[in-house]
Structure formats: C-alpha cells, structure tokens
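Structure record follows, encoded as structure tokens.
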Amino acid sequence: MKRFYLLLGVVAVVAIGFLYYSANQQPGGPSGSRAAAVPVTAQDSAFPGYLLGPDSAPVKVVEFVDYECPICAMFATVQFPTIRDQLIKTGKVQWRLRDYPLPPTTHRWSHLAADAVACASEQGKAWEMVDALFNTHDWALQSSNPTSVFRGLAQGVGINTTTWDACVSADRYAGRIQASLNQGDALGVGGTPTIFIDGNMLKERPTSDLLQHVVDSLIAARSKKKK
Amino acid sequence: MSGHRQTIAVLALVGIAIATYLWLHAIGVIGVLQCGTGGCETVQASSYAQLFGIPVALYGVVGYVALFGISIAGVQPALAARAWPTRWLAAFSGAGFLFTLYLTFLELFVIHALCRWCLASAVVITAIFVTALDGLLRKP
C-alpha cells in the first residue's frame with residue numbers, strides 16, 4: 001500500500017511540474033518558411049496590408065490573420081469591435097491587416113478567402129469583406145468549396161460580383177498574399193492571429209482590455225518624453 | 001485484491017493532469033491560443049470545445065476527479081471487499097469512454113483536426129474503462 005501512495009505522489013509531482021512548465025512556456029517561433037511557390041514582385045512586397053485608422057495615429061498595430069482560423073474569427077467578432085470603437089475610431093491606433101494563410105493541409109480555404117478579400121479591396125471593400133467572412137464563419141467548417149458562399153457575402157456588402165469573380169478565379173493577388181506570408185515568416189509569425197504593436201510581437205492572448213492598456217501606456221510614455 | 005482500483009487511481013491522476021492542462025489552455029491561463037501551432041488550438045477554438053457554455057475539458061477534470069475519489073475510497077480497508085466502487089468506476093468510466101468516442105469522432109470528421117492531448121486523454125479513459133471492466137469480472 002505504501003508503494004501505491006508513493007507512486008501516486010510521484011505521478012502528482014510530475015503532473016504539477018508539467019502544468020507549471022506549460023504555464024511558463026513562451027509561444028513558439030515561426031512555423032518554418034514555406035517555399036515560395038508563387039513569384040513575388042516588388043509591387044507585391046510593397047503592399048502594406050489593409051489599413052484601418054488614420055496615418056496620424058500614434059500607435060501602429062499589425063495583425064497577421066488567416067480568415068479560416070476560428071481563433072481569428074473569435075478575436076474579430078468578440079474583441080475587435082471594442083478595439084475598433086475605442087482605439088481605431090478615436091485615432092489612437094492605425095490597424096494593418098496582413099494575410100497569413102496557413103497551410104492547406106489544415107486550412108483548406110484560407111488562400112481562397114485571402115483572394116476574396118484582396119479582390120474586394122479592388123473595389124474598396126476589403127474590411128467589409130473581412131467582417132463578412134468572420135461574422136458568417138460557418139463556411140470554415142464545411143468541406144465543400146465556399147466560393148459561392150464568398151460570392152454571396154461579396155454581393156451582400158455591395159461588391160460587383162462580375163469583376164470580383166474574374167479576379168478570384170484568376171487568383172490575381174497570389175503574389176501579394178505570398179509576399180505577406182513571407183514577411184510574416186521573416187518576422188517570426190508562427191500562427192494566427194499574431195499581433196505586433198509598434199513592431200513588437202504581442203506574446204499574450206490579445207484582448208481589447210490588454211490592447212487598450214498597452215496602447216494607453218505607449219501614448220502616456222511618449223507624452224512624458226515630450227515634456 | 002483491489003489492484004485494479006489502484007491502477008485506476010494512478011490513471012485518473014494522469015487524466016486529471018491532462019484535462020487540467022486542456023482546461024487551463026481553453027481559458028487562456030496556459031499558452032497562446034493560435035491557429036497553425038497545432039491541432040489542439042483548432043479543436044479548442046471550435047464551437048464544440050464548449051458544452052452548455054462550459055469548456056469540455058472542465059467536464060474531463062470533474063470526471064477524472066470523481067474516478068480518482070471513488071478509486072481511492074475503494075482501496076481503503078473498509079471498502080476493499082465491497083463491490084460497489086468497482087461498479088461505479090465501470091459506470092463512470094463507461095460514460096467517459098462514450099463521451100470521448102463522440103469527441104474523437106468530432107475531431108476526425110467535423111473539426112478535421114486532432115489534438116494530441118485529447119487523444120492522450122482518450123487513451124487514459126479507455127485504459128480506465130478496460131481496467132474497471134476487468135475488475136468487475138474478477139470481483140473485488
């Protein structure tokens with residue numbers, strides 16, 4: 001019986017050690033650069049991403065995103081509306097959305113969704129398309145090709161679907177999406193969403209409260225310096 | 001005599017650790033929840049990771065704690081010769097086993113992602129169920 005309790009004790013110690021170690025682990029680095037199958041032009045590399053907020057905003061935030069990623073969808077629908085109201089609309093933050101489509105082995109429609117947004121951006125409707133994709137995220141759980149779902153969403157936000165269809169079927173922005181992916185890899189992005197605040201990767205789980213705290217601290221620190 | 005209950009107690013303790021890890025992960029205490037860093041993140045972020053608004057992993061923690069409690073009670077001298085702890089262990093672990101089968105089905109055919117910690121828990125609950133059934137056949 002003593003041996004039994006000794007064994008239980010050992011298992012308990014190992015379990016507690018494992019949980020403690022896991023709690024103190026930092027998120028992993030880049031998932032490894034994927035071979036650039038698509039040629040990338042200088043123009044593709046120069047694309048800054050989809051911007052929201054004024055250029056004069058004191059804090060610049062970059063988010064690498066995958067539209068099929070349920071965690072990105074959760075962030076976009078739960079946290080982002082508050083961020084948009086309290087940080088972007090108030091002029092404190094300029095938000096830059098960058099494509100980071102994850103490998104098709106686990107995220108089958110990510111590239112297609114990135115295409116859908118890029119083609120919507122031709123008509124000045126990138127953010128409307130992003131919101132539509134995240135707010136109606138059931139397509140990510142379906143095994144069938146969601147092009148028709150995307151077309152319906154595009155139509156819903158006032159996009160000319162004839163032009164949009166031609167753009168998506170030609171995969172017109174493949175180079176731009178690849179360039180964004182390469183830039184994410186170079187910055188050490190390993191998963192989505194990954195957020196950079198003034199160039200520094202956010203290691204914690206992104207919440208509107210945390211972002212508000214970080215942004216306000218940065219602005220306060222800068223105004224102190226000026227004085 | 002109550003060897004199967006001792007085995008179940010050790011396995012349940014391992015199960016508690018795994019389920020606690022998954023629960024802490026689900027509520028954001030451990031790790032950064034991101035897509036692309038592994039199947040667990042995809043599974044945890046899916047709509048199936050919650051049941052009645054509570055993380056599924058928390059049901060696992062409660063279930064394993066119950067199995068641990070019953071098995072520890074069952075190895076005490078006063079209860080070692082009684083049959084009911086083994087019956088309860090078999091019933092609880094049977095329910096856990098069926099629930100795990102359902103979750104693994106969701107991972108494979110609905111979410112299309114496999115979480116290795118969920119699979120580890122599946123192995124543990126299966127081992128507990130088999131051990132409990134063995135105990136039922138042998139009597140206490």
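Following the order of the structure tokens, chains are lettered A, B, ..., residues in each are numbered from 1, and ligands are numbered from 1.
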Distance filter 9 Å, only C-alpha atoms, chain B against chain A, as an mmCIF file with N, CA and C atoms, in the first residue's frame:
data_model
loop_
_atom_site.group_PDB
_atom_site.id
_atom_site.type_symbol
_atom_site.label_atom_id
_atom_site.label_comp_id
_atom_site.auth_asym_id
_atom_site.auth_seq_id
_atom_site.Cartn_x
_atom_site.Cartn_y
_atom_site.Cartn_z
ATOM 1 N N GLN B 6 -6.311 0.512 -7.622
ATOM 2 C CA GLN B 6 -5.042 1.273 -7.519
ATOM 3 C C GLN B 6 -4.596 1.736 -8.911
ATOM 4 N N THR B 7 -4.711 0.826 -9.877
ATOM 5 C CA THR B 7 -4.337 1.185 -11.257
ATOM 6 C C THR B 7 -5.186 2.342 -11.751
ATOM 7 N N ALA B 9 -6.704 4.581 -9.946
ATOM 8 C CA ALA B 9 -6.350 5.819 -9.227
ATOM 9 C C ALA B 9 -5.163 6.505 -9.903
ATOM 10 N N VAL B 10 -4.139 5.720 -10.272
ATOM 11 C CA VAL B 10 -2.957 6.297 -10.924
ATOM 12 C C VAL B 10 -3.340 6.865 -12.293
ATOM 13 N N LEU B 13 -5.295 10.055 -11.995
ATOM 14 C CA LEU B 13 -4.433 11.197 -11.654
ATOM 15 C C LEU B 13 -3.768 11.751 -12.923
ATOM 16 N N VAL B 14 -3.333 10.842 -13.790
ATOM 17 C CA VAL B 14 -2.761 11.281 -15.081
ATOM 18 C C VAL B 14 -3.844 12.015 -15.882
ATOM 19 N N ILE B 16 -6.406 13.627 -14.695
ATOM 20 C CA ILE B 16 -6.651 14.946 -14.095
ATOM 21 C C ILE B 16 -5.636 15.954 -14.643
ATOM 22 N N ALA B 17 -4.376 15.516 -14.721
ATOM 23 C CA ALA B 17 -3.322 16.427 -15.216
ATOM 24 C C ALA B 17 -3.600 16.844 -16.663
ATOM 25 N N ILE B 18 -3.959 15.873 -17.509
ATOM 26 C CA ILE B 18 -4.202 16.173 -18.927
ATOM 27 C C ILE B 18 -5.422 17.091 -19.077
ATOM 28 N N THR B 20 -6.754 19.036 -16.851
ATOM 29 C CA THR B 20 -6.487 20.357 -16.262
ATOM 30 C C THR B 20 -5.687 21.207 -17.246
ATOM 31 N N TYR B 21 -4.709 20.561 -17.890
ATOM 32 C CA TYR B 21 -3.904 21.281 -18.892
ATOM 33 C C TYR B 21 -4.821 21.830 -19.997
ATOM 34 N N LEU B 24 -7.025 24.686 -18.607
ATOM 35 C CA LEU B 24 -6.268 25.935 -18.422
ATOM 36 C C LEU B 24 -5.940 26.568 -19.776
ATOM 37 N N HIS B 25 -5.682 25.702 -20.761
ATOM 38 C CA HIS B 25 -5.419 26.185 -22.114
ATOM 39 C C HIS B 25 -6.669 26.849 -22.679
ATOM 40 N N GLY B 28 -7.226 30.233 -21.276
ATOM 41 C CA GLY B 28 -6.174 31.210 -21.554
ATOM 42 C C GLY B 28 -5.082 31.334 -20.508
ATOM 43 N N VAL B 29 -5.089 30.439 -19.504
ATOM 44 C CA VAL B 29 -4.042 30.526 -18.471
ATOM 45 C C VAL B 29 -2.717 29.978 -19.010
ATOM 46 N N ILE B 30 -2.810 28.952 -19.844
ATOM 47 C CA ILE B 30 -1.617 28.313 -20.408
ATOM 48 C C ILE B 30 -1.600 28.543 -21.914
ATOM 49 N N GLY B 31 -0.426 28.926 -22.411
ATOM 50 C CA GLY B 31 -0.232 29.022 -23.862
ATOM 51 C C GLY B 31 -0.984 30.176 -24.511
ATOM 52 N N VAL B 32 -0.642 30.431 -25.751
ATOM 53 C CA VAL B 32 -1.342 31.445 -26.540
ATOM 54 C C VAL B 32 -2.196 30.693 -27.546
ATOM 55 N N LEU B 33 -3.474 31.003 -27.539
ATOM 56 C CA LEU B 33 -4.383 30.295 -28.438
ATOM 57 C C LEU B 33 -4.214 30.843 -29.852
ATOM 58 N N GLN B 34 -3.647 30.042 -30.726
ATOM 59 C CA GLN B 34 -3.419 30.465 -32.115
ATOM 60 C C GLN B 34 -3.703 29.309 -33.055
ATOM 61 N N CYS B 35 -4.131 29.637 -34.258
ATOM 62 C CA CYS B 35 -4.239 28.611 -35.298
ATOM 63 C C CYS B 35 -2.859 28.409 -35.904
ATOM 64 N N GLY B 36 -2.603 27.202 -36.359
ATOM 65 C CA GLY B 36 -1.358 26.957 -37.064
ATOM 66 C C GLY B 36 -0.255 26.435 -36.179
ATOM 67 N N THR B 37 -0.485 26.464 -34.860
ATOM 68 C CA THR B 37 0.560 25.977 -33.973
ATOM 69 C C THR B 37 0.274 24.551 -33.525
ATOM 70 N N GLY B 38 -0.849 23.998 -33.953
ATOM 71 C CA GLY B 38 -1.146 22.612 -33.625
ATOM 72 C C GLY B 38 -2.635 22.351 -33.640
ATOM 73 N N GLY B 39 -2.969 21.058 -33.653
ATOM 74 C CA GLY B 39 -4.369 20.662 -33.733
ATOM 75 C C GLY B 39 -5.169 21.047 -32.493
ATOM 76 N N GLU B 41 -5.119 23.730 -30.764
ATOM 77 C CA GLU B 41 -5.630 25.095 -30.858
ATOM 78 C C GLU B 41 -6.898 25.131 -31.720
ATOM 79 N N THR B 42 -6.848 24.375 -32.827
ATOM 80 C CA THR B 42 -8.016 24.334 -33.719
ATOM 81 C C THR B 42 -9.203 23.704 -33.000
ATOM 82 N N GLN B 44 -9.652 23.436 -29.729
ATOM 83 C CA GLN B 44 -10.078 24.277 -28.597
ATOM 84 C C GLN B 44 -10.852 25.509 -29.053
ATOM 85 N N ALA B 45 -10.553 25.949 -30.274
ATOM 86 C CA ALA B 45 -11.220 27.162 -30.756
ATOM 87 C C ALA B 45 -12.533 26.847 -31.460
ATOM 88 N N SER B 46 -12.832 25.569 -31.647
ATOM 89 C CA SER B 46 -14.058 25.229 -32.369
ATOM 90 C C SER B 46 -15.265 25.383 -31.442
ATOM 91 N N SER B 47 -16.425 25.412 -32.076
ATOM 92 C CA SER B 47 -17.643 25.591 -31.277
ATOM 93 C C SER B 47 -17.935 24.361 -30.421
ATOM 94 N N VAL B 75 -9.920 1.583 -2.277
ATOM 95 C CA VAL B 75 -8.731 0.830 -1.804
ATOM 96 C C VAL B 75 -8.597 0.900 -0.279
ATOM 97 N N VAL B 110 -15.528 16.268 -38.208
ATOM 98 C CA VAL B 110 -16.210 17.574 -38.255
ATOM 99 C C VAL B 110 -15.201 18.712 -38.178
ATOM 100 N N ILE B 111 -14.328 18.653 -37.173
ATOM 101 C CA ILE B 111 -13.361 19.752 -36.996
ATOM 102 C C ILE B 111 -12.148 19.558 -37.920
ATOM 103 N N HIS B 112 -11.890 18.322 -38.277
ATOM 104 C CA HIS B 112 -10.750 17.962 -39.131
ATOM 105 C C HIS B 112 -9.420 18.380 -38.501
ATOM 106 N N ALA B 113 -9.286 18.181 -37.231
ATOM 107 C CA ALA B 113 -8.017 18.445 -36.540
ATOM 108 C C ALA B 113 -7.936 17.512 -35.336
#
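Excluding B:Thr100 itself and any same-chain residue fewer than 6 positions from it, the protein and nucleic acid residues within 10 Å of it, counting only C-alpha atoms, are Gly60, Gly94, Leu106, Cys118, Leu119, Ser121, Ala122, Val123, Ile125 and Thr126 of chain B.
For the pair atom CA of A:Lys92 and atom CA of A:Met201, the interatomic distance is 18.4 Å.
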Pick out each residue of stretch 8-140 of chain B that DSSP on the backbone tags as alpha helix (DSSP H); I need them as a ChimeraX atom specification. /B:8-26,39-45,56-74,84-106,116-138
Any chance you could export the current selection's C-alpha atoms as a compact mmCIF listing (two decimals), in the first residue's frame?
# COMPACT_ATOMS: atom_id res chain seq x y z
CA ILE B 8 -7.41 3.32 -11.91
CA ALA B 9 -6.35 5.82 -9.23
CA VAL B 10 -2.96 6.30 -10.92
CA LEU B 11 -4.54 6.56 -14.39
CA ALA B 12 -7.17 9.00 -13.10
CA LEU B 13 -4.43 11.20 -11.65
CA VAL B 14 -2.76 11.28 -15.08
CA GLY B 15 -6.19 12.08 -16.57
CA ILE B 16 -6.65 14.95 -14.09
CA ALA B 17 -3.32 16.43 -15.22
CA ILE B 18 -4.20 16.17 -18.93
CA ALA B 19 -7.74 17.54 -18.51
CA THR B 20 -6.49 20.36 -16.26
CA TYR B 21 -3.90 21.28 -18.89
CA LEU B 22 -6.60 21.39 -21.60
CA TRP B 23 -8.95 23.37 -19.36
CA LEU B 24 -6.27 25.94 -18.42
CA HIS B 25 -5.42 26.18 -22.11
CA ALA B 26 -9.10 26.73 -23.00
CA GLY B 39 -4.37 20.66 -33.73
CA CYS B 40 -5.20 21.41 -30.08
CA GLU B 41 -5.63 25.09 -30.86
CA THR B 42 -8.02 24.33 -33.72
CA VAL B 43 -10.00 21.91 -31.58
CA GLN B 44 -10.08 24.28 -28.60
CA ALA B 45 -11.22 27.16 -30.76
CA VAL B 56 -15.47 20.43 -22.41
CA ALA B 57 -12.11 19.97 -20.68
CA LEU B 58 -13.66 21.01 -17.37
CA TYR B 59 -16.09 18.09 -17.64
CA GLY B 60 -12.99 15.94 -18.05
CA VAL B 61 -11.41 17.37 -14.90
CA VAL B 62 -14.59 16.72 -12.90
CA GLY B 63 -14.93 13.20 -14.33
CA TYR B 64 -11.34 12.22 -13.57
CA VAL B 65 -11.57 13.71 -10.05
CA ALA B 66 -14.69 11.59 -9.47
CA LEU B 67 -12.90 8.46 -10.74
CA PHE B 68 -9.88 9.27 -8.57
CA GLY B 69 -12.06 9.80 -5.49
CA ILE B 70 -14.00 6.55 -5.98
CA SER B 71 -10.86 4.52 -6.63
CA ILE B 72 -9.07 5.95 -3.58
CA ALA B 73 -12.14 5.23 -1.44
CA GLY B 74 -12.26 1.74 -2.92
CA TRP B 84 -19.93 -1.08 -5.49
CA PRO B 85 -16.77 1.05 -6.01
CA THR B 86 -15.83 -1.11 -8.99
CA ARG B 87 -19.36 -0.89 -10.39
CA TRP B 88 -19.31 2.88 -10.06
CA LEU B 89 -15.88 3.06 -11.64
CA ALA B 90 -17.11 0.99 -14.57
CA ALA B 91 -20.25 3.14 -14.95
CA PHE B 92 -18.39 6.48 -14.73
CA SER B 93 -15.53 5.43 -16.99
CA GLY B 94 -18.04 3.88 -19.44
CA ALA B 95 -19.82 7.23 -19.72
CA GLY B 96 -16.46 8.98 -20.12
CA PHE B 97 -15.41 6.47 -22.75
CA LEU B 98 -18.58 7.06 -24.81
CA PHE B 99 -18.22 10.84 -24.49
CA THR B 100 -14.59 10.55 -25.61
CA LEU B 101 -15.64 8.46 -28.63
CA TYR B 102 -18.06 11.25 -29.60
CA LEU B 103 -15.36 13.92 -29.18
CA THR B 104 -12.83 11.94 -31.22
CA PHE B 105 -15.45 11.49 -33.95
CA LEU B 106 -15.94 15.30 -33.99
CA ARG B 116 -2.73 15.05 -29.16
CA TRP B 117 -3.66 15.87 -25.55
CA CYS B 118 -7.29 14.95 -26.26
CA LEU B 119 -6.03 11.67 -27.73
CA ALA B 120 -3.87 11.10 -24.63
CA SER B 121 -6.99 11.58 -22.52
CA ALA B 122 -8.84 9.14 -24.78
CA VAL B 123 -6.15 6.53 -24.17
CA VAL B 124 -6.33 7.10 -20.39
CA ILE B 125 -10.13 6.86 -20.17
CA THR B 126 -10.09 3.74 -22.36
CA ALA B 127 -7.46 2.16 -20.08
CA ILE B 128 -9.56 3.06 -17.02
CA PHE B 129 -12.69 1.59 -18.58
CA VAL B 130 -10.93 -1.65 -19.56
CA THR B 131 -9.38 -1.94 -16.09
CA ALA B 132 -12.77 -1.33 -14.43
CA LEU B 133 -14.42 -3.98 -16.63
CA ASP B 134 -11.62 -6.38 -15.74
CA GLY B 135 -12.24 -5.58 -12.07
CA LEU B 136 -15.95 -6.28 -12.49
CA LEU B 137 -15.21 -9.71 -13.95
CA ARG B 138 -12.74 -10.59 -11.20
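Taking only chain A, the residues that DSSP calls strand (DSSP E or B) from the backbone come to Tyr50, Leu51, Leu52, Val59, Lys60, Val61, Val62, Glu63, Phe64, Val65, Val93, Gln94, Trp95, Arg96, Leu97, Arg98, Asp99, Thr192, Thr194, Ile195, Phe196, Ile197, Asn200 and Met201 of chain A.
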Counting only C-alpha atoms, give me one row per residue of stretch 86-155 of chain A with an atom at most 12 Å from an atom of stretch 159-180 of chain A, showing the shortest contact pair and its distance in Å to one decimal, sorted by chain then residue number, as CSV.
residue,atom,partner,partner_atom,distance
A:Arg96,CA,A:Ser180,CA,11.7
A:Leu97,CA,A:Ser180,CA,9.9
A:Arg98,CA,A:Ser180,CA,6.2
A:Asp99,CA,A:Ser180,CA,5.6
A:Tyr100,CA,A:Ser180,CA,6.6
A:Pro101,CA,A:Ile177,CA,8.0
A:Leu102,CA,A:Gln178,CA,11.1
A:Pro103,CA,A:Gln178,CA,11.8
A:Ser110,CA,A:Ile177,CA,10.7
A:His111,CA,A:Ile177,CA,8.0
A:Leu112,CA,A:Val168,CA,7.7
A:Ala113,CA,A:Val168,CA,9.4
A:Ala114,CA,A:Ile177,CA,7.2
A:Asp115,CA,A:Val168,CA,5.9
A:Ala116,CA,A:Val168,CA,6.2
A:Val117,CA,A:Val168,CA,9.3
A:Ala118,CA,A:Tyr173,CA,6.5
A:Cys119,CA,A:Trp164,CA,5.7
A:Ala120,CA,A:Trp164,CA,6.7
A:Ser121,CA,A:Trp164,CA,9.6
A:Glu122,CA,A:Trp164,CA,8.4
A:Gln123,CA,A:Ile159,CA,6.9
A:Gly124,CA,A:Ile159,CA,8.9
A:Lys125,CA,A:Ile159,CA,7.2
A:Ala126,CA,A:Ile159,CA,10.0
A:Trp127,CA,A:Ile159,CA,12.0
A:Glu128,CA,A:Ile159,CA,9.5
A:Met129,CA,A:Ile159,CA,9.0
A:Ala132,CA,A:Ile159,CA,11.9
A:Thr147,CA,A:Val168,CA,8.9
A:Ser148,CA,A:Asp165,CA,9.8
A:Phe150,CA,A:Asp165,CA,9.9
A:Arg151,CA,A:Thr161,CA,6.7
A:Gly152,CA,A:Thr161,CA,8.7
A:Leu153,CA,A:Ile159,CA,8.8
A:Ala154,CA,A:Ile159,CA,5.3
A:Gln155,CA,A:Ile159,CA,5.2
Selection export as a short mmCIF file (atom, residue, chain, number, x, y, z; two decimals), in the first residue's frame, atoms kept: N, CA and C atoms:
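again_22.cif, freshly written:
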data_model
loop_
_atom_site.label_atom_id
_atom_site.label_comp_id
_atom_site.auth_asym_id
_atom_site.auth_seq_id
_atom_site.Cartn_x
_atom_site.Cartn_y
_atom_site.Cartn_z
N ARG A 96 -3.35 47.45 -39.22
CA ARG A 96 -2.95 46.97 -40.54
C ARG A 96 -3.14 45.45 -40.56
N LEU A 97 -3.98 45.00 -41.45
CA LEU A 97 -4.26 43.56 -41.54
C LEU A 97 -3.39 42.94 -42.63
N ARG A 98 -2.63 41.93 -42.28
CA ARG A 98 -1.78 41.25 -43.25
C ARG A 98 -2.24 39.80 -43.41
N ASP A 99 -2.13 39.31 -44.64
CA ASP A 99 -2.53 37.92 -44.91
C ASP A 99 -1.47 36.95 -44.39
N TYR A 100 -1.94 35.92 -43.73
CA TYR A 100 -1.04 34.83 -43.35
C TYR A 100 -1.80 33.51 -43.47
N PRO A 101 -2.15 33.14 -44.74
CA PRO A 101 -2.92 31.91 -44.90
C PRO A 101 -2.10 30.68 -44.48
N LEU A 102 -2.67 29.92 -43.59
CA LEU A 102 -1.97 28.73 -43.06
C LEU A 102 -1.99 27.61 -44.10
N PRO A 103 -1.14 26.61 -43.94
CA PRO A 103 -1.05 25.56 -44.98
C PRO A 103 -2.39 24.90 -45.28
N SER A 110 -8.13 28.88 -46.81
CA SER A 110 -7.52 30.13 -46.35
C SER A 110 -7.06 31.00 -47.51
N HIS A 111 -6.40 30.38 -48.49
CA HIS A 111 -5.89 31.16 -49.61
C HIS A 111 -7.05 31.75 -50.42
N LEU A 112 -8.09 30.94 -50.60
CA LEU A 112 -9.27 31.40 -51.34
C LEU A 112 -9.92 32.60 -50.61
N ALA A 113 -9.98 32.50 -49.29
CA ALA A 113 -10.56 33.61 -48.51
C ALA A 113 -9.69 34.86 -48.62
N ALA A 114 -8.36 34.66 -48.62
CA ALA A 114 -7.46 35.81 -48.78
C ALA A 114 -7.65 36.44 -50.16
N ASP A 115 -7.87 35.58 -51.15
CA ASP A 115 -8.19 36.05 -52.51
C ASP A 115 -9.47 36.87 -52.51
N ALA A 116 -10.47 36.35 -51.81
CA ALA A 116 -11.78 37.02 -51.76
C ALA A 116 -11.63 38.43 -51.19
N VAL A 117 -10.79 38.57 -50.16
CA VAL A 117 -10.58 39.88 -49.54
C VAL A 117 -9.78 40.78 -50.48
N ALA A 118 -8.72 40.22 -51.09
CA ALA A 118 -7.88 41.01 -51.99
C ALA A 118 -8.70 41.54 -53.16
N CYS A 119 -9.58 40.68 -53.69
CA CYS A 119 -10.41 41.11 -54.83
C CYS A 119 -11.47 42.11 -54.39
N ALA A 120 -11.91 42.01 -53.14
CA ALA A 120 -12.85 43.01 -52.61
C ALA A 120 -12.14 44.35 -52.43
N SER A 121 -10.84 44.29 -52.14
CA SER A 121 -10.07 45.53 -51.92
C SER A 121 -9.97 46.35 -53.21
N GLU A 122 -10.04 45.67 -54.37
CA GLU A 122 -10.04 46.38 -55.66
C GLU A 122 -11.20 47.36 -55.72
N GLN A 123 -12.29 47.00 -55.03
CA GLN A 123 -13.48 47.86 -55.05
C GLN A 123 -13.63 48.63 -53.74
N GLY A 124 -12.53 48.72 -53.00
CA GLY A 124 -12.53 49.49 -51.75
C GLY A 124 -13.36 48.86 -50.65
N LYS A 125 -13.53 47.52 -50.69
CA LYS A 125 -14.41 46.87 -49.73
C LYS A 125 -13.68 45.77 -48.95
N ALA A 126 -12.38 45.91 -48.77
CA ALA A 126 -11.62 44.86 -48.09
C ALA A 126 -12.15 44.60 -46.67
N TRP A 127 -12.28 45.65 -45.88
CA TRP A 127 -12.70 45.45 -44.48
C TRP A 127 -14.14 44.95 -44.40
N GLU A 128 -14.98 45.39 -45.33
CA GLU A 128 -16.36 44.90 -45.34
C GLU A 128 -16.37 43.39 -45.59
N MET A 129 -15.47 42.95 -46.51
CA MET A 129 -15.39 41.52 -46.83
C MET A 129 -14.82 40.75 -45.64
N ALA A 132 -17.50 40.35 -43.13
CA ALA A 132 -18.50 39.37 -43.59
C ALA A 132 -17.97 37.94 -43.43
N THR A 147 -16.63 29.08 -52.50
CA THR A 147 -16.62 30.23 -53.42
C THR A 147 -18.02 30.87 -53.54
N SER A 148 -19.04 30.02 -53.65
CA SER A 148 -20.39 30.58 -53.82
C SER A 148 -20.83 31.32 -52.55
N PHE A 150 -18.76 32.87 -50.52
CA PHE A 150 -17.99 34.13 -50.56
C PHE A 150 -18.65 35.13 -51.54
N ARG A 151 -19.13 34.59 -52.67
CA ARG A 151 -19.76 35.45 -53.67
C ARG A 151 -21.00 36.11 -53.07
N GLY A 152 -21.77 35.31 -52.31
CA GLY A 152 -22.97 35.84 -51.65
C GLY A 152 -22.61 36.92 -50.64
N LEU A 153 -21.51 36.68 -49.91
CA LEU A 153 -21.08 37.68 -48.92
C LEU A 153 -20.62 38.95 -49.62
N ALA A 154 -19.89 38.76 -50.74
CA ALA A 154 -19.40 39.91 -51.50
C ALA A 154 -20.58 40.75 -52.00
N GLN A 155 -21.57 40.04 -52.51
CA GLN A 155 -22.77 40.73 -53.01
C GLN A 155 -23.45 41.49 -51.87
#
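In this comparison, which uses only C-alpha atoms, the residue of B:Ile27, B:Glu107, B:Ala78, B:Cys115 approaching B:Tyr48 most closely is B:Glu107.
What separates atom CA of A:Asp55 from atom CA of A:Val93 is a distance of 8.8 Å.
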Pick out the residues sitting within 7 Å of stretch 78-85 of chain A, and hand them over as a list in words; count only C-alpha atoms, and ignore anything fewer than 3 positions along from it in its own chain. Met74, Phe75, Ile88, Lys89, Thr207 and Ser208 of chain A
Writing out the chosen residues with N, CA and C atoms as an mmCIF file, in the first residue's frame:
data_model
loop_
_atom_site.group_PDB
_atom_site.id
_atom_site.type_symbol
_atom_site.label_atom_id
_atom_site.label_comp_id
_atom_site.auth_asym_id
_atom_site.auth_seq_id
_atom_site.Cartn_x
_atom_site.Cartn_y
_atom_site.Cartn_z
ATOM 1 N N MET A 74 -12.854 34.409 -33.735
ATOM 2 C CA MET A 74 -13.273 34.716 -32.360
ATOM 3 C C MET A 74 -12.749 36.107 -31.967
ATOM 4 N N PHE A 75 -11.489 36.361 -32.299
ATOM 5 C CA PHE A 75 -10.892 37.661 -31.986
ATOM 6 C C PHE A 75 -11.637 38.777 -32.734
ATOM 7 N N ILE A 88 -9.308 52.579 -32.598
ATOM 8 C CA ILE A 88 -9.118 52.973 -34.004
ATOM 9 C C ILE A 88 -9.949 54.222 -34.329
ATOM 10 N N LYS A 89 -11.217 54.187 -33.964
ATOM 11 C CA LYS A 89 -12.083 55.340 -34.271
ATOM 12 C C LYS A 89 -11.667 56.588 -33.488
ATOM 13 N N THR A 207 -6.562 40.690 -26.134
ATOM 14 C CA THR A 207 -7.924 41.067 -25.733
ATOM 15 C C THR A 207 -8.021 42.581 -25.881
ATOM 16 N N SER A 208 -9.239 43.083 -25.961
ATOM 17 C CA SER A 208 -9.407 44.531 -26.121
ATOM 18 C C SER A 208 -8.854 45.256 -24.895
#
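If you measure from each of A:Ser144, A:Gln43, A:Ser56, A:Ser217 to A:Trp109 using only C-alpha atoms, the closest one turns out to be A:Ser144.
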